[in-house]
$ cat input-v3.cif   # mmCIF, C-alpha atoms and all ligand atoms
data_my_file
loop_
_atom_site.label_atom_id
_atom_site.label_comp_id
_atom_site.auth_asym_id
_atom_site.auth_seq_id
_atom_site.Cartn_x
_atom_site.Cartn_y
_atom_site.Cartn_z
CA MET A 1 87.03 189.53 85.15
CA ARG A 2 89.79 188.72 87.62
CA LYS A 3 90.91 185.16 86.99
CA ILE A 4 91.91 182.60 89.61
CA PRO A 5 95.60 181.72 89.19
CA LEU A 6 95.70 177.92 89.34
CA ILE A 7 98.22 175.07 89.30
CA ILE A 8 97.06 171.47 88.76
CA ASP A 9 99.14 168.61 90.17
CA THR A 10 97.94 165.44 88.49
CA ASP A 11 98.36 161.81 87.38
CA PRO A 12 96.21 161.56 84.23
CA GLY A 13 94.16 159.40 84.58
CA ILE A 14 90.81 159.57 82.77
CA ASP A 15 89.01 161.70 85.38
CA ASP A 16 92.13 163.89 85.62
CA ALA A 17 91.86 164.45 81.86
CA VAL A 18 88.40 165.94 82.28
CA ALA A 19 89.55 168.24 85.10
CA ILE A 20 92.55 169.48 83.11
CA SER A 21 90.49 170.06 79.97
CA PHE A 22 87.84 172.12 81.76
CA ALA A 23 90.47 174.15 83.65
CA MET A 24 92.19 175.09 80.38
CA PHE A 25 89.00 176.69 79.04
CA HIS A 26 87.29 177.98 82.16
CA PRO A 27 86.75 181.74 81.87
CA LYS A 28 87.41 182.26 85.60
CA VAL A 29 90.69 180.28 85.59
CA ASP A 30 94.23 181.24 84.67
CA LEU A 31 95.92 177.82 84.45
CA LYS A 32 99.60 178.61 85.04
CA LEU A 33 101.20 175.18 85.26
CA ILE A 34 100.49 171.46 85.18
CA THR A 35 102.75 169.25 87.29
CA THR A 36 102.70 165.47 87.04
CA VAL A 37 103.31 162.72 89.55
CA ALA A 38 103.29 158.93 89.67
CA GLY A 39 99.93 157.53 90.70
CA ASN A 40 97.35 156.06 88.36
CA VAL A 41 100.32 154.98 86.20
CA SER A 42 104.07 155.77 86.13
CA VAL A 43 105.19 159.38 85.98
CA ASP A 44 106.51 158.82 82.44
CA LYS A 45 103.00 157.92 81.36
CA THR A 46 101.16 160.59 83.39
CA THR A 47 103.51 163.21 81.94
CA GLU A 48 103.00 161.98 78.39
CA ASN A 49 99.25 162.04 79.01
CA ALA A 50 99.34 165.63 80.26
CA LEU A 51 101.30 166.59 77.13
CA LYS A 52 98.75 164.79 74.95
CA LEU A 53 95.95 166.87 76.45
CA VAL A 54 97.84 170.15 76.09
CA GLU A 55 98.55 169.29 72.47
CA PHE A 56 94.99 168.13 71.75
CA PHE A 57 93.69 171.55 72.77
CA GLY A 58 96.60 173.52 71.27
CA SER A 59 97.26 175.03 74.69
CA ASP A 60 100.55 176.57 75.81
CA VAL A 61 100.27 175.70 79.51
CA PRO A 62 103.67 174.43 80.68
CA VAL A 63 103.93 170.84 81.90
CA ALA A 64 106.61 169.85 84.45
CA ARG A 65 107.44 166.23 85.28
CA GLY A 66 107.36 165.40 88.97
CA CYS A 67 108.14 162.58 91.37
CA GLN A 68 108.36 159.03 90.17
CA GLU A 69 107.74 157.47 93.58
CA PRO A 70 105.86 158.32 96.75
CA LEU A 71 108.01 159.60 99.65
CA LEU A 72 108.29 156.28 101.50
CA LYS A 73 106.00 153.67 100.03
CA PRO A 74 106.48 151.80 96.77
CA LEU A 75 104.05 152.87 94.04
CA GLU A 76 100.97 150.70 93.54
CA ASP A 77 99.32 152.03 90.41
CA SER A 78 95.69 152.12 89.34
CA SER A 79 95.99 150.94 85.74
CA GLU A 80 93.07 148.53 86.27
CA ILE A 81 90.82 151.63 86.40
CA HIS A 82 92.44 153.88 83.76
CA GLY A 83 94.08 151.33 81.42
CA GLU A 84 97.76 150.55 80.75
CA SER A 85 98.49 154.01 79.31
CA GLY A 86 96.50 155.78 82.04
CA MET A 87 94.25 157.27 79.36
CA ASP A 88 93.16 154.26 77.31
CA GLY A 89 90.40 154.56 74.74
CA PHE A 90 91.39 157.52 72.56
CA ASP A 91 94.23 157.71 70.05
CA PHE A 92 95.98 161.02 70.72
CA GLY A 93 99.08 160.07 68.75
CA THR A 94 102.54 160.88 70.12
CA PRO A 95 102.68 164.44 71.41
CA THR A 96 105.29 166.75 69.92
CA ARG A 97 105.12 169.07 72.92
CA LYS A 98 107.85 168.64 75.54
CA VAL A 99 108.01 169.15 79.27
CA ILE A 100 109.77 172.22 80.61
CA PRO A 101 113.30 171.42 81.85
CA GLU A 102 112.59 172.07 85.57
CA HIS A 103 111.42 169.32 87.89
CA ALA A 104 107.82 169.85 89.05
CA VAL A 105 108.94 170.91 92.52
CA GLU A 106 111.24 173.59 91.06
CA ALA A 107 108.54 174.70 88.61
CA LEU A 108 106.02 174.98 91.45
CA ARG A 109 108.47 177.07 93.46
CA LYS A 110 109.23 179.39 90.54
CA THR A 111 105.61 179.84 89.50
CA LEU A 112 104.48 180.54 93.06
CA LEU A 113 107.27 182.96 93.91
CA GLU A 114 106.90 184.84 90.61
CA SER A 115 103.14 185.21 90.91
CA LYS A 116 101.89 188.63 91.99
CA GLU A 117 98.82 187.11 93.61
CA PRO A 118 98.59 183.98 95.77
CA VAL A 119 97.90 180.90 93.66
CA THR A 120 95.35 178.11 94.20
CA LEU A 121 96.82 174.60 94.11
CA MET A 122 94.58 171.82 92.85
CA PRO A 123 96.18 168.43 93.52
CA ILE A 124 94.18 165.56 92.04
CA ALA A 125 96.75 162.83 92.67
CA ALA A 126 99.22 161.70 95.35
CA LEU A 127 100.60 164.71 97.22
CA THR A 128 104.31 163.87 96.81
CA ASN A 129 105.33 166.95 94.78
CA ILE A 130 103.58 169.44 97.05
CA ALA A 131 104.91 167.83 100.23
CA LEU A 132 108.46 168.09 98.89
CA LEU A 133 107.83 171.69 97.85
CA PHE A 134 106.75 172.64 101.38
CA LYS A 135 109.72 170.82 102.95
CA LEU A 136 112.35 172.17 100.53
CA TYR A 137 110.92 175.66 100.09
CA PRO A 138 108.66 176.53 103.05
CA GLU A 139 108.67 180.16 101.88
CA THR A 140 106.32 179.12 99.06
CA LYS A 141 103.50 178.38 101.52
CA SER A 142 102.63 182.06 101.85
CA LYS A 143 102.14 182.25 98.07
CA VAL A 144 99.49 179.52 98.14
CA LYS A 145 96.00 180.96 98.45
CA GLU A 146 94.53 177.57 99.21
CA ILE A 147 94.82 173.90 98.33
CA VAL A 148 91.66 172.33 96.94
CA LEU A 149 92.31 168.64 96.55
CA MET A 150 90.52 165.51 95.42
CA GLY A 151 91.46 162.80 97.86
CA GLY A 152 90.58 161.12 101.11
CA SER A 153 87.14 160.13 102.30
CA LEU A 154 84.84 160.81 105.21
CA SER A 155 83.61 157.23 104.94
CA ARG A 156 85.22 154.24 103.26
CA GLY A 157 88.09 154.09 100.83
CA ASN A 158 88.43 152.63 97.34
CA THR A 159 91.95 151.18 97.61
CA THR A 160 91.55 149.70 101.06
CA THR A 161 88.50 149.71 103.30
CA ALA A 162 89.92 152.76 105.03
CA ALA A 163 91.86 154.65 102.38
CA GLU A 164 91.17 156.49 99.14
CA PHE A 165 93.73 156.00 96.32
CA ASN A 166 95.45 159.43 96.24
CA ILE A 167 96.05 159.50 99.99
CA PHE A 168 96.84 155.77 100.21
CA THR A 169 99.51 156.21 97.52
CA ASP A 170 101.50 158.67 99.66
CA PRO A 171 100.12 159.09 103.19
CA GLU A 172 103.30 160.72 104.51
CA ALA A 173 103.01 163.43 101.86
CA ALA A 174 99.35 163.97 102.75
CA ALA A 175 100.29 164.29 106.43
CA ILE A 176 102.83 167.00 105.55
CA LEU A 177 100.14 168.99 103.73
CA PHE A 178 97.48 168.66 106.41
CA GLU A 179 100.02 169.72 109.04
CA SER A 180 101.40 172.60 106.93
CA GLY A 181 99.08 175.35 108.12
CA VAL A 182 98.05 176.12 104.53
CA LYS A 183 94.28 176.37 103.97
CA ILE A 184 93.02 173.01 102.64
CA THR A 185 89.70 172.03 101.14
CA MET A 186 89.29 168.28 100.79
CA ILE A 187 86.83 166.91 98.24
CA GLY A 188 86.73 163.30 99.30
CA LEU A 189 85.72 160.09 97.62
CA ASP A 190 82.43 159.79 99.54
CA VAL A 191 81.33 162.99 97.76
CA THR A 192 83.01 162.56 94.36
CA SER A 193 81.54 159.05 94.05
CA ARG A 194 78.13 160.71 93.92
CA ALA A 195 79.24 163.07 91.14
CA VAL A 196 78.49 160.55 88.42
CA LEU A 197 77.55 160.78 84.76
CA MET A 198 74.94 158.34 83.54
CA GLN A 199 74.69 156.77 80.08
CA LYS A 200 72.26 159.53 79.05
CA GLU A 201 74.90 162.23 79.63
CA VAL A 202 77.65 160.17 78.01
CA GLU A 203 75.52 159.78 74.86
CA GLN A 204 74.94 163.54 74.84
CA ILE A 205 78.62 164.32 75.45
CA LYS A 206 79.74 162.16 72.54
CA THR A 207 78.15 164.41 69.94
CA MET A 208 78.64 167.81 71.59
CA ASN A 209 82.11 168.67 70.29
CA ARG A 210 85.57 167.15 69.76
CA ALA A 211 86.36 167.29 73.48
CA GLY A 212 83.13 165.39 74.16
CA GLU A 213 84.03 162.82 71.53
CA MET A 214 87.42 162.35 73.19
CA PHE A 215 85.87 162.08 76.70
CA ALA A 216 83.30 159.52 75.52
CA ALA A 217 86.07 157.40 74.00
CA LEU A 218 88.04 157.53 77.29
CA PHE A 219 84.89 156.80 79.30
CA SER A 220 84.31 153.62 77.31
CA HIS A 221 87.56 152.32 78.90
CA TYR A 222 87.16 153.91 82.35
CA ARG A 223 86.51 151.53 85.24
CA GLY A 224 85.68 154.21 87.81
CA GLY A 225 82.08 153.10 88.06
CA SER A 226 80.06 151.88 85.09
CA MET A 227 77.50 153.15 82.58
CA LYS A 228 74.82 151.39 84.68
CA THR A 229 75.76 152.79 88.08
CA GLY A 230 77.33 156.01 86.79
CA LEU A 231 80.90 157.07 85.91
CA LYS A 232 82.64 158.76 88.83
CA MET A 233 83.99 162.19 87.96
CA HIS A 234 86.28 162.43 91.01
CA ASP A 235 88.92 164.93 89.95
CA VAL A 236 86.77 167.51 88.19
CA CYS A 237 84.98 167.97 91.52
CA ALA A 238 88.08 169.80 92.80
CA LEU A 239 87.76 172.30 89.94
CA ALA A 240 84.01 172.58 90.52
CA ALA A 241 84.65 173.34 94.19
CA ILE A 242 86.98 176.20 93.18
CA VAL A 243 84.84 177.81 90.51
CA GLU A 244 81.34 176.81 91.64
CA PRO A 245 81.52 176.09 95.40
CA GLU A 246 77.72 176.27 95.77
CA LEU A 247 77.55 172.85 94.09
CA PHE A 248 78.79 171.40 97.40
CA ASP A 249 78.05 171.51 101.11
CA PHE A 250 81.10 172.01 103.31
CA ALA A 251 82.14 171.85 106.96
CA ASP A 252 85.24 173.13 108.71
CA THR A 253 86.95 170.44 110.72
CA PHE A 254 90.19 168.75 111.71
CA VAL A 255 91.52 165.97 109.48
CA GLU A 256 94.30 163.66 110.56
CA ILE A 257 96.15 161.38 108.13
CA GLU A 258 96.81 157.87 109.36
CA THR A 259 100.39 156.90 108.53
CA GLY A 260 100.60 153.78 110.70
CA LYS A 261 101.36 150.56 108.86
CA GLY A 262 98.08 148.79 109.76
CA PRO A 263 94.80 148.53 107.86
CA ALA A 264 94.00 152.21 108.45
CA ASN A 265 97.10 153.35 106.52
CA GLY A 266 96.16 156.34 104.34
CA ALA A 267 92.83 157.01 106.07
CA THR A 268 91.69 160.62 106.42
CA VAL A 269 90.15 160.73 109.86
CA ALA A 270 87.90 163.77 110.29
CA ASP A 271 87.00 164.97 113.76
CA LEU A 272 83.67 166.39 112.55
CA LYS A 273 82.38 166.85 116.07
CA MET A 274 85.68 168.55 117.03
CA LYS A 275 85.85 166.35 120.12
CA TYR A 276 89.63 165.95 120.04
CA HIS A 277 90.74 169.23 118.50
CA ARG A 278 90.14 172.91 119.18
CA GLU A 279 91.34 174.30 115.89
CA THR A 280 90.26 173.26 112.41
CA ASN A 281 92.90 172.46 109.76
CA SER A 282 90.62 171.95 106.76
CA THR A 283 87.30 172.37 105.08
CA VAL A 284 85.73 169.15 103.88
CA ALA A 285 83.01 168.61 101.29
CA LEU A 286 80.01 166.85 102.80
CA ASP A 287 77.80 166.51 99.76
CA VAL A 288 77.40 167.47 96.10
CA HIS A 289 74.21 168.64 94.39
CA VAL A 290 74.25 165.98 91.72
CA GLU A 291 71.75 167.34 89.20
CA LYS A 292 73.35 170.78 89.32
CA PHE A 293 76.78 169.18 88.99
CA ARG A 294 75.64 167.39 85.80
CA GLU A 295 74.28 170.65 84.37
CA TRP A 296 77.55 172.36 85.23
CA PHE A 297 79.51 169.55 83.57
CA LEU A 298 77.63 169.94 80.29
CA GLU A 299 78.03 173.73 80.37
CA MET A 300 81.76 173.32 80.92
CA LEU A 301 82.04 170.89 78.04
CA GLU A 302 80.28 173.33 75.73
CA GLN A 303 83.09 175.84 76.24
CA THR A 304 85.92 173.24 75.99
CA LYS A 305 87.07 173.31 72.38
C1 LIG B 401 91.37 159.27 92.62
O1 LIG B 401 92.25 158.19 92.29
C2 LIG B 401 92.59 158.24 90.94
O2 LIG B 401 92.53 156.97 90.36
C3 LIG B 401 91.64 159.19 90.27
O3 LIG B 401 92.26 159.86 89.20
C4 LIG B 401 91.29 160.15 91.39
O4 LIG B 401 92.24 161.19 91.49
C5 LIG B 401 90.07 158.69 93.09
O5 LIG B 401 90.27 157.92 94.23
CA CA B 402 93.83 161.65 89.66
#
$ encode --input "input-v3.cif" --output "structure tokens" --more "lines below"
Ligand code: BDR
Ligand code: CA
Amino acid sequence: MRKIPLIIDTDPGIDDAVAISFAMFHPKVDLKLITTVAGNVSVDKTTENALKLVEFFGSDVPVARGCQEPLLKPLEDSSEIHGESGMDGFDFGTPTRKVIPEHAVEALRKTLLESKEPVTLMPIAALTNIALLFKLYPETKSKVKEIVLMGGSLSRGNTTTAAEFNIFTDPEAAAILFESGVKITMIGLDVTSRAVLMQKEVEQIKTMNRAGEMFAALFSHYRGGSMKTGLKMHDVCALAAIVEPELFDFADTFVEIETGKGPANGATVADLKMKYHRETNSTVALDVHVEKFREWFLEMLEQTK
């Protein structure tokens, strides 16, 4: 089987941890690189967390440390959702694995330019690293097959009324991506908030295997939803959209990123009726088939060892 060459740009993050774990073991995926960025917690912590996951699974995927701040805004983290460490709830110990010496932007450039086939980028955090990559090395754009990101929203946000966390963290970076001409698929918060696991699944997950045990421990500290209303599996939706797109409904449209300083800062404004634009610049997820998503999740966990 021909595998999908993939790079994950991430800020683990409890839901990031699930996405990374599944990508490492997915039979259709060739995970080439993990790059980290400041977001849910500082880049020191997100990098350490990525290394913890790689070590937990005995994987040899390289991890490169990325930007410690958004392009223009100061970082406002999300430790109230993911805990002080960013992955509270499970004792991974201190990882012995180290990051590769290159900065994430340099590692992205190298991996893209050296790849024979175009690579899929899966950002599940603020878009700072990728924006810098496109500005510093625009020649890399042609080596990107597509960007499938978790971020934005077609309705309300979770950080402000208008903005979702990943886009709110670095709206200028998001604007650079959406204006880059590279094919983008946006899996927004309005959709990922419906991709929830209920207590029943969490109980099942706990006893399935060691990855499930680790997830259940993290979930007991995760504040992205609750056991009663469902735990929101935002970031793994980006992976699901790459490997199992039929789990979602999509539309092609134009998305504009609001970078003004007012209350709409970081909003992803979609012109779904294409009233103001003639050409589309992205594909957006409109809905997720929740029961099928849950089945997919459990199947993925079974092969994550
Ligand atoms: C996004 O924000 C982060 O806290 C999560 O990891 C996810 O990427 C959801 O808004
Ligand atoms: Ca994330």
$ closest_atom_pairs --input "input-v3.cif" --of "chain A" --to "ligand CA 402 (chain B)" --cutoff "8 Å" --atoms "all atoms listed in the file" --output "CSV"
residue,atom,partner,partner_atom,distance
A:Thr10,CA,B:CA402,CA,5.7
A:Asp11,CA,B:CA402,CA,5.1
A:Pro12,CA,B:CA402,CA,5.9
A:Gly13,CA,B:CA402,CA,5.6
A:Ile14,CA,B:CA402,CA,7.8
A:Asp15,CA,B:CA402,CA,6.4
A:Asp16,CA,B:CA402,CA,4.9
A:Gly39,CA,B:CA402,CA,7.4
A:Asn40,CA,B:CA402,CA,6.7
A:Ile124,CA,B:CA402,CA,4.6
A:Ala125,CA,B:CA402,CA,4.4
A:Ala126,CA,B:CA402,CA,7.8
A:Met150,CA,B:CA402,CA,7.7
A:Asn166,CA,B:CA402,CA,7.1
A:His234,CA,B:CA402,CA,7.7
A:Asp235,CA,B:CA402,CA,5.9
$ residues_around --input "input-v3.cif" --residues "Ile100 in chain A" --least-positions-apart "6" --cutoff "12 Å" --atoms "all atoms listed in the file" --output "PDB file with C-alpha atoms, keeping the file's coordinate frame"
ATOM      1  CA  LEU A  33     101.200 175.180  85.260  1.00  0.00           C
ATOM      2  CA  ILE A  34     100.490 171.460  85.180  1.00  0.00           C
ATOM      3  CA  THR A  35     102.750 169.250  87.290  1.00  0.00           C
ATOM      4  CA  THR A  36     102.700 165.470  87.040  1.00  0.00           C
ATOM      5  CA  THR A  47     103.510 163.210  81.940  1.00  0.00           C
ATOM      6  CA  LEU A  51     101.300 166.590  77.130  1.00  0.00           C
ATOM      7  CA  ASP A  60     100.550 176.570  75.810  1.00  0.00           C
ATOM      8  CA  VAL A  61     100.270 175.700  79.510  1.00  0.00           C
ATOM      9  CA  PRO A  62     103.670 174.430  80.680  1.00  0.00           C
ATOM     10  CA  VAL A  63     103.930 170.840  81.900  1.00  0.00           C
ATOM     11  CA  ALA A  64     106.610 169.850  84.450  1.00  0.00           C
ATOM     12  CA  ARG A  65     107.440 166.230  85.280  1.00  0.00           C
ATOM     13  CA  GLY A  66     107.360 165.400  88.970  1.00  0.00           C
ATOM     14  CA  GLU A 106     111.240 173.590  91.060  1.00  0.00           C
ATOM     15  CA  ALA A 107     108.540 174.700  88.610  1.00  0.00           C
ATOM     16  CA  LEU A 108     106.020 174.980  91.450  1.00  0.00           C
TER      17      LEU A 108
END
$ closest_residue --input "input-v3.cif" --among "A:Val196, A:Ala163, A:Ala251, A:Met300" --to "ligand LIG 401 (chain B)" --atoms "all atoms listed in the file"
A:Ala163
$ axis_aligned_box --input "input-v3.cif" --around "range 100-114 of chain A" --padding-each-side "3 Å" --output "JSON"
{"center_x": 108.9, "center_y": 177.1, "center_z": 87.3, "size_x": 14.8, "size_y": 21.5, "size_z": 19.3}
$ closest_residue --input "input-v3.cif" --among "A:Ile184, A:Val269, A:Val290, A:Ile8" --to "Val148 in chain A" --atoms "all atoms listed in the file"
A:Ile184
$ residues_around --input "input-v3.cif" --residues "Met233 in chain A" --least-positions-apart "6" --cutoff "10 Å" --atoms "all atoms listed in the file" --output "short mmCIF file (atom, residue, chain, number, x, y, z; two decimals) with C-alpha atoms, in the coordinates of the input"
data_model
loop_
_atom_site.label_atom_id
_atom_site.label_comp_id
_atom_site.auth_asym_id
_atom_site.auth_seq_id
_atom_site.Cartn_x
_atom_site.Cartn_y
_atom_site.Cartn_z
CA ILE A 14 90.81 159.57 82.77
CA ASP A 15 89.01 161.70 85.38
CA ASP A 16 92.13 163.89 85.62
CA VAL A 18 88.40 165.94 82.28
CA ALA A 19 89.55 168.24 85.10
CA THR A 192 83.01 162.56 94.36
CA SER A 193 81.54 159.05 94.05
CA ARG A 194 78.13 160.71 93.92
CA ALA A 195 79.24 163.07 91.14
CA VAL A 196 78.49 160.55 88.42
CA LEU A 197 77.55 160.78 84.76
CA GLY A 224 85.68 154.21 87.81
CA GLY A 225 82.08 153.10 88.06
CA PHE A 297 79.51 169.55 83.57
#
$ atom_distance --input "input-v3.cif" --atom1 "CA of Val191 in chain A" --atom2 "CA of Asp77 in chain A"
22.3 Å
$ closest_residue --input "input-v3.cif" --among "A:Glu295, A:Asp30, A:Glu201, A:Glu213" --to "Gly230 in chain A" --atoms "all atoms listed in the file"
A:Glu201
$ atom_distance --input "input-v3.cif" --atom1 "CA of Thr253 in chain A" --atom2 "CA of Val236 in chain A"
22.7 Å
$ atom_distance --input "input-v3.cif" --atom1 "CA of Met87 in chain A" --atom2 "CA of Gln303 in chain A"
21.9 Å
$ decode --input "input-v3.cif" --residues "range 144-162 of chain A" --atoms "N, CA, C and O atoms" --output "JSON list (two decimals), in the first residue's frame"
[["chain", "number", "residue", "atom", "x", "y", "z"],
["A", 144, "VAL", "N", 4.17, 20.68, -0.78],
["A", 144, "VAL", "CA", 3.06, 20.37, 0.15],
["A", 144, "VAL", "C", 1.87, 19.90, -0.68],
["A", 144, "VAL", "O", 1.37, 20.63, -1.53],
["A", 145, "LYS", "N", 1.44, 18.67, -0.43],
["A", 145, "LYS", "CA", 0.28, 18.16, -1.16],
["A", 145, "LYS", "C", -0.96, 18.92, -0.73],
["A", 145, "LYS", "O", -1.72, 19.41, -1.54],
["A", 146, "GLU", "N", -1.14, 19.00, 0.57],
["A", 146, "GLU", "CA", -2.25, 19.77, 1.13],
["A", 146, "GLU", "C", -2.00, 20.00, 2.61],
["A", 146, "GLU", "O", -1.18, 19.31, 3.22],
["A", 147, "ILE", "N", -2.71, 20.98, 3.15],
["A", 147, "ILE", "CA", -2.67, 21.23, 4.59],
["A", 147, "ILE", "C", -4.04, 20.84, 5.13],
["A", 147, "ILE", "O", -5.06, 21.35, 4.65],
["A", 148, "VAL", "N", -4.06, 19.93, 6.08],
["A", 148, "VAL", "CA", -5.33, 19.57, 6.72],
["A", 148, "VAL", "C", -5.19, 19.96, 8.18],
["A", 148, "VAL", "O", -4.41, 19.35, 8.91],
["A", 149, "LEU", "N", -5.88, 21.01, 8.57],
["A", 149, "LEU", "CA", -5.64, 21.56, 9.91],
["A", 149, "LEU", "C", -6.86, 21.48, 10.81],
["A", 149, "LEU", "O", -8.00, 21.52, 10.35],
["A", 150, "MET", "N", -6.58, 21.35, 12.12],
["A", 150, "MET", "CA", -7.64, 21.56, 13.11],
["A", 150, "MET", "C", -7.49, 22.99, 13.58],
["A", 150, "MET", "O", -6.45, 23.40, 14.10],
["A", 151, "GLY", "N", -8.55, 23.75, 13.37],
["A", 151, "GLY", "CA", -8.52, 25.14, 13.82],
["A", 151, "GLY", "C", -9.68, 25.89, 13.20],
["A", 151, "GLY", "O", -10.31, 25.42, 12.26],
["A", 152, "GLY", "N", -9.96, 27.05, 13.76],
["A", 152, "GLY", "CA", -11.03, 27.89, 13.24],
["A", 152, "GLY", "C", -12.40, 27.33, 13.59],
["A", 152, "GLY", "O", -12.51, 26.32, 14.30],
["A", 153, "SER", "N", -13.41, 28.01, 13.10],
["A", 153, "SER", "CA", -14.79, 27.59, 13.37],
["A", 153, "SER", "C", -15.70, 28.27, 12.36],
["A", 153, "SER", "O", -15.45, 29.41, 11.97],
["A", 154, "LEU", "N", -16.75, 27.55, 11.98],
["A", 154, "LEU", "CA", -17.76, 28.17, 11.11],
["A", 154, "LEU", "C", -18.85, 28.81, 11.97],
["A", 154, "LEU", "O", -19.75, 29.45, 11.45],
["A", 155, "SER", "N", -18.76, 28.61, 13.28],
["A", 155, "SER", "CA", -19.73, 29.28, 14.16],
["A", 155, "SER", "C", -18.96, 30.03, 15.25],
["A", 155, "SER", "O", -18.12, 30.87, 14.93],
["A", 156, "ARG", "N", -19.17, 29.70, 16.50],
["A", 156, "ARG", "CA", -18.49, 30.46, 17.55],
["A", 156, "ARG", "C", -17.13, 29.89, 17.87],
["A", 156, "ARG", "O", -16.77, 28.82, 17.41],
["A", 157, "GLY", "N", -16.39, 30.65, 18.67],
["A", 157, "GLY", "CA", -15.07, 30.20, 19.08],
["A", 157, "GLY", "C", -15.10, 29.57, 20.46],
["A", 157, "GLY", "O", -16.15, 29.45, 21.08],
["A", 158, "ASN", "N", -13.90, 29.19, 20.95],
["A", 158, "ASN", "CA", -13.80, 28.69, 22.33],
["A", 158, "ASN", "C", -12.89, 29.58, 23.18],
["A", 158, "ASN", "O", -12.90, 29.49, 24.40],
["A", 159, "THR", "N", -12.11, 30.45, 22.53],
["A", 159, "THR", "CA", -11.23, 31.34, 23.29],
["A", 159, "THR", "C", -11.88, 32.70, 23.45],
["A", 159, "THR", "O", -11.84, 33.30, 24.51],
["A", 160, "THR", "N", -12.45, 33.19, 22.36],
["A", 160, "THR", "CA", -13.34, 34.34, 22.43],
["A", 160, "THR", "C", -14.64, 33.92, 21.73],
["A", 160, "THR", "O", -14.70, 32.82, 21.15],
["A", 161, "THR", "N", -15.63, 34.79, 21.78],
["A", 161, "THR", "CA", -16.89, 34.44, 21.12],
["A", 161, "THR", "C", -16.63, 34.14, 19.65],
["A", 161, "THR", "O", -17.23, 33.23, 19.07],
["A", 162, "ALA", "N", -15.69, 34.87, 19.06],
["A", 162, "ALA", "CA", -15.47, 34.73, 17.62],
["A", 162, "ALA", "C", -14.38, 33.75, 17.23],
["A", 162, "ALA", "O", -14.39, 33.23, 16.11]]
